[in-house]
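Asker: Below is a structure I'd like to ask you about.
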Amino acid sequence: MNGIKDALVITKRQLLQLTRVPEVLIFNTIQPVMFVLLFRYVFGGLGAGIKGGYVQLLMPGIFVQTVTFTLAATAQGLAQDMEKGLIDRFRSLPIARSALVVGRTLGDGLLNIVVLIVMGAAGYIVGWRPTSGPLHIFLGFLTLLFFGYALSWAGIFAGLMSKDARVVANVSFLFTFPLTFLSNAFASTTSMPRALQYFAEWNPVSTMVAAARQLFGFHNTFGVTAHSFPSEHPIVASFIYMVLIMSIFIPLSVNRYKNANRR
Amino acid sequence: MKSVIAENLVKTYRKGAVRALDGLSLDVEEGTVLGVLGPNGAGKTTTVRVLSTLLEPDSGHATVGGIDVVKNPKAVRQIIGLSGQYAAVDETLTGWDNLVMFGQLYHLSAVQAKVRANELLEQFSLTDAAHRPIKTFSGGMRRRLDLAASLIIRPKVLFLDEPTTGLDPRGRMEMWGVIEDLVREGVTLLLTTQYLEEADQLADDIVVIDQGKVIARGTSDQLKDKVGGERIEIVVAQANLVQAKEVIERVTHGEATVDQGMRRISVPVPDGTQSLIAVIREFDSAGIHALDLALKRPSLDDVFLSLTGHIAEAETPEVDHKRRGARK
């Protein structure tokens, strides 16, 4: 019980940080909203023939891109704590060793709720109209949150491995940014070179985008070429990916945290 | 009773290439202050990290409050306070936020945590700044807040790793005052420092460590005696130099050395003040005027030099280096 309480104190700390430095929250929401507007109006023409227009497929894509970037945010936040020696203090307290990292992933998850609500509203304003009904829309957002949460654990590991918060933020971004574009998030994969098509189809980002589109009630017309398992069963495959990511990175991170030595 | 015992601690890095601790042993009597003195890289921080359960030794054995740090780290964490080389607090939050947060992590209730936060802010003269972000604090204030955070549960044993490194003289004096208050209250303290005068000022006992080993132990006085006793140093006018040397040697039965350029005569004496008074009396009756006179005790700098053969390094840019996470 205490373990959960400890983690929540850490989460509370992160929320408190947001009230002390509101710029972080503002920037975190402005950036995805800007993406919504840019893609909606720059690439709007790509949607010729899509029922409801490009924006219906775009929004799930941008949602997934945004929660994917959680990886970098988590990594940076944790690396900052390491850099400042804060992690030593936490490790010298009589709290569960998992509290700091669990607390941080929860905090980043909560931030994602705010960001997704703002983005959803922005999407609605520019014409996004999910058709699947309240329950499925809710499940769609919930799945997106879980996806972000799973990637947060990869961010924890990256943060624990790093020595410099700015470096780890940049590296995580360099890793996640192409991942979100080598996917079906913004354009059909069918126009990509053959090799990239396969990559895009197995890419967890594509799978998650396809799952979100399905949950929001749209037919995913952005590329099913290889007829792979993830593209045929995106919701199931997404959950498999999430479990896989967490079952790799949670043990790695907890182990790394125990021995975190700031060397 | 010994509050802290370390026996033959060994910790190596890079597959044994770097021996941060090389069979280090020390102990701290309950209610006393042990100063761990050594230059950068001597193993001070590693010692503190092992004793505060942050790091497992490769071999050796250590207990804090009678509890084994490797076998039962969680119980150790319940009775210790740790304050490191830099302020390990959340800089975006206020001092009050930080103390309440750490209080809750020590499983105080929300109310208790707030009460304790206010007490500590008061005790460390931070009440006025309580609701300002730590970012706006001076270096000394940050360190005091960090120390306050390590005292939330009134630890039985307190570890302070270089508590004044990087502070300006005023910040250092303030910190010393705060630590002296704690010592008066009877906390058991292990303090590392590379400032010799700091160990002299704050510690009951001192261990000098170098290259991961204890190379000397004792009170400040005992360590100084190891290097040699007191000396009288007298400066006189050029014309009196020869006569003064004769007088001094006759009174003290010691062999005086003369620094011609500085016109300074220096002689080792067994009973410092007595000899000094005797010399002054003789000078008076011989009509010699002393321009300057002093009873010199060896400084801990001298101790260090004679024990290790090299001078204790002053603060170097390595502190910055460490801050970024590099560690030997």
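Starting from 1 in every chain, residues are counted up; chains themselves are A, B, ... following the order of the structure tokens, and ligands are numbered from 1 as listed.
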Got a sec: who's within 9 Å of Phe177 (chain A), counting only C-alpha atoms, leaving out chain neighbours fewer than 6 positions off, as a JSON list (two decimals) with C-alpha atoms, in the first residue's frame?
Answerer:
[["chain", "number", "residue", "atom", "x", "y", "z"],
["A", 65, "GLN", "CA", 2.28, 10.82, -32.41],
["A", 68, "THR", "CA", 4.58, 8.59, -28.50],
["A", 69, "PHE", "CA", 6.53, 11.72, -27.61]]
Asker: What are the DSSP strand (DSSP E) residues of region 87-187 of chain B, as a ChimeraX atom specification?
Answerer: /B:157-161
Asker: Generate a file of the selected residues that holds C-alpha atoms, formatted as a tab-separated table (two decimals), in the first residue's frame.
Answerer:
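Output file again-v1.tsv follows:
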chain	number	residue	atom	x	y	z
B	157	VAL	CA	22.72	9.04	12.16
B	158	LEU	CA	23.37	11.87	9.77
B	159	PHE	CA	25.69	11.72	6.76
B	160	LEU	CA	26.89	15.00	5.31
B	161	ASP	CA	28.97	14.68	2.17
Asker: Do me a favour and pick out the residues of chain A within 8 Å of chain B, using only C-alpha atoms, as a ChimeraX atom specification.
Answerer: /A:6,9-10,13,16-17,20-21,82-89,91-95,163-164,259,261-263
Asker: To one decimal place in Å, what is the distance between CA of Leu276 (chain B) and CA of Ile206 (chain B)?
Answerer: 28.9 Å
Asker: Looking at A:Val167, A:Leu244, A:Ile235, A:Ala200, which one is nearest to Ser183 (chain A), with distances taken over only C-alpha atoms?
Answerer: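 Of A:Val167, A:Leu244, A:Ile235, A:Ala200, the one nearest Ser183 (chain A) is A:Ala200, counting only C-alpha atoms.
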Asker: As an exercise, work out the distance from CA of Glu30 (chain B) to CA of Leu223 (chain B) in Å and give it to one decimal place.
Answerer: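 CA of Glu30 (chain B) sits 21.5 Å away from CA of Leu223 (chain B).
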Asker: Where does DSSP see helix (DSSP H, G or I) in region 82-297 of chain B, if you list the residues as number ranges by chain?
Answerer: B: 95-105, 110-123, 127-129, 134-136, 139-149, 169-184, 196-202, 220-227, 238-252, 272-286
Asker: Could you please determine the separation between CA of Gly43 (chain B) and CA of Ala79 (chain A) in Å, to one decimal place?
Answerer: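 One can read the CA of Gly43 (chain B) to CA of Ala79 (chain A) distance as 24.8 Å.
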Asker: At a cut-off of 8 Å, using only C-alpha atoms, what residues contact region 184-190 of chain A? Leave out same-chain residues fewer than 2 positions from it and give the result as a tab-separated table (two decimals) with N, CA and C atoms, in the first residue's frame.
Answerer:
chain	number	residue	atom	x	y	z
A	46	LEU	N	-4.93	15.47	-49.18
A	46	LEU	CA	-4.64	14.04	-49.28
A	46	LEU	C	-5.90	13.19	-49.09
A	57	LEU	N	-8.92	10.73	-40.50
A	57	LEU	CA	-7.79	9.81	-40.34
A	57	LEU	C	-6.61	10.49	-39.65
A	58	LEU	N	-6.50	11.80	-39.89
A	58	LEU	CA	-5.38	12.56	-39.33
A	58	LEU	C	-5.40	12.56	-37.80
A	60	PRO	N	-6.50	10.58	-35.29
A	60	PRO	CA	-5.89	9.44	-34.58
A	60	PRO	C	-4.37	9.40	-34.77
A	61	GLY	N	-3.92	9.75	-35.98
A	61	GLY	CA	-2.48	9.79	-36.24
A	61	GLY	C	-1.76	10.76	-35.32
A	62	ILE	N	-2.33	11.96	-35.21
A	62	ILE	CA	-1.67	12.96	-34.36
A	62	ILE	C	-1.78	12.60	-32.88
A	64	VAL	N	-1.66	9.62	-31.67
A	64	VAL	CA	-0.64	8.60	-31.42
A	64	VAL	C	0.75	9.25	-31.42
A	65	GLN	N	0.97	10.15	-32.38
A	65	GLN	CA	2.28	10.82	-32.41
A	65	GLN	C	2.55	11.53	-31.08
A	180	THR	N	7.20	7.90	-35.87
A	180	THR	CA	5.83	8.36	-36.08
A	180	THR	C	5.57	8.68	-37.55
A	181	PHE	N	6.64	8.95	-38.32
A	181	PHE	CA	6.43	9.26	-39.74
A	181	PHE	C	6.55	8.04	-40.64
A	182	LEU	N	7.37	7.06	-40.23
A	182	LEU	CA	7.44	5.82	-41.00
A	182	LEU	C	6.27	4.94	-40.59
A	192	MET	N	4.99	4.28	-50.12
A	192	MET	CA	6.37	4.16	-49.67
A	192	MET	C	7.10	3.08	-50.45
A	197	GLN	N	7.39	-0.09	-46.50
A	197	GLN	CA	6.01	-0.51	-46.28
A	197	GLN	C	5.93	-1.59	-45.22
A	200	ALA	N	6.68	-0.06	-41.91
A	200	ALA	CA	5.56	0.77	-41.45
A	200	ALA	C	4.41	-0.10	-40.95
A	201	GLU	N	4.24	-1.23	-41.60
A	201	GLU	CA	3.11	-2.05	-41.22
A	201	GLU	C	3.30	-2.74	-39.86
A	205	VAL	N	3.57	2.09	-33.94
A	205	VAL	CA	2.84	3.35	-34.11
A	205	VAL	C	1.70	3.15	-35.12
A	206	SER	N	2.00	2.50	-36.25
A	206	SER	CA	0.96	2.23	-37.24
A	206	SER	C	-0.17	1.40	-36.65
A	209	VAL	N	-2.21	3.48	-34.46
A	209	VAL	CA	-3.03	4.42	-35.23
A	209	VAL	C	-4.22	3.68	-35.84
A	210	ALA	N	-3.95	2.51	-36.39
A	210	ALA	CA	-5.04	1.73	-36.98
A	210	ALA	C	-6.07	1.35	-35.92
A	221	THR	N	-7.91	3.45	-44.23
A	221	THR	CA	-7.57	3.28	-45.65
A	221	THR	C	-6.12	3.59	-45.93
A	222	PHE	N	-5.34	3.93	-44.84
A	222	PHE	CA	-3.95	4.31	-45.07
A	222	PHE	C	-3.02	3.11	-45.02
A	223	GLY	N	-3.29	2.17	-45.92
A	223	GLY	CA	-2.25	1.20	-46.14
A	223	GLY	C	-2.39	-0.10	-45.41
A	224	VAL	N	-2.83	-1.12	-46.08
A	224	VAL	CA	-2.67	-2.48	-45.62
A	224	VAL	C	-2.12	-3.18	-46.83
A	225	THR	N	-0.81	-3.42	-46.85
A	225	THR	CA	-0.22	-4.00	-48.05
A	225	THR	C	0.25	-5.42	-47.81
Asker: If we count only C-alpha atoms and set the cut-off at 10 Å, which residues sit around Leu37 (chain B), ignoring sequence neighbours fewer than 5 positions away in its own chain? Please answer as a PyMOL selection string.
Answerer: chain B and resi 42-44+162+191-196+198-200+206-210+214+216-217+300+304+312
Asker: Which is closest to Lys296 (chain B) among B:Ile232, B:Gln243, B:Val50, B:Ile277, if we use only C-alpha atoms?
Answerer: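 Closest to Lys296 (chain B) of all the choices is B:Ile232.
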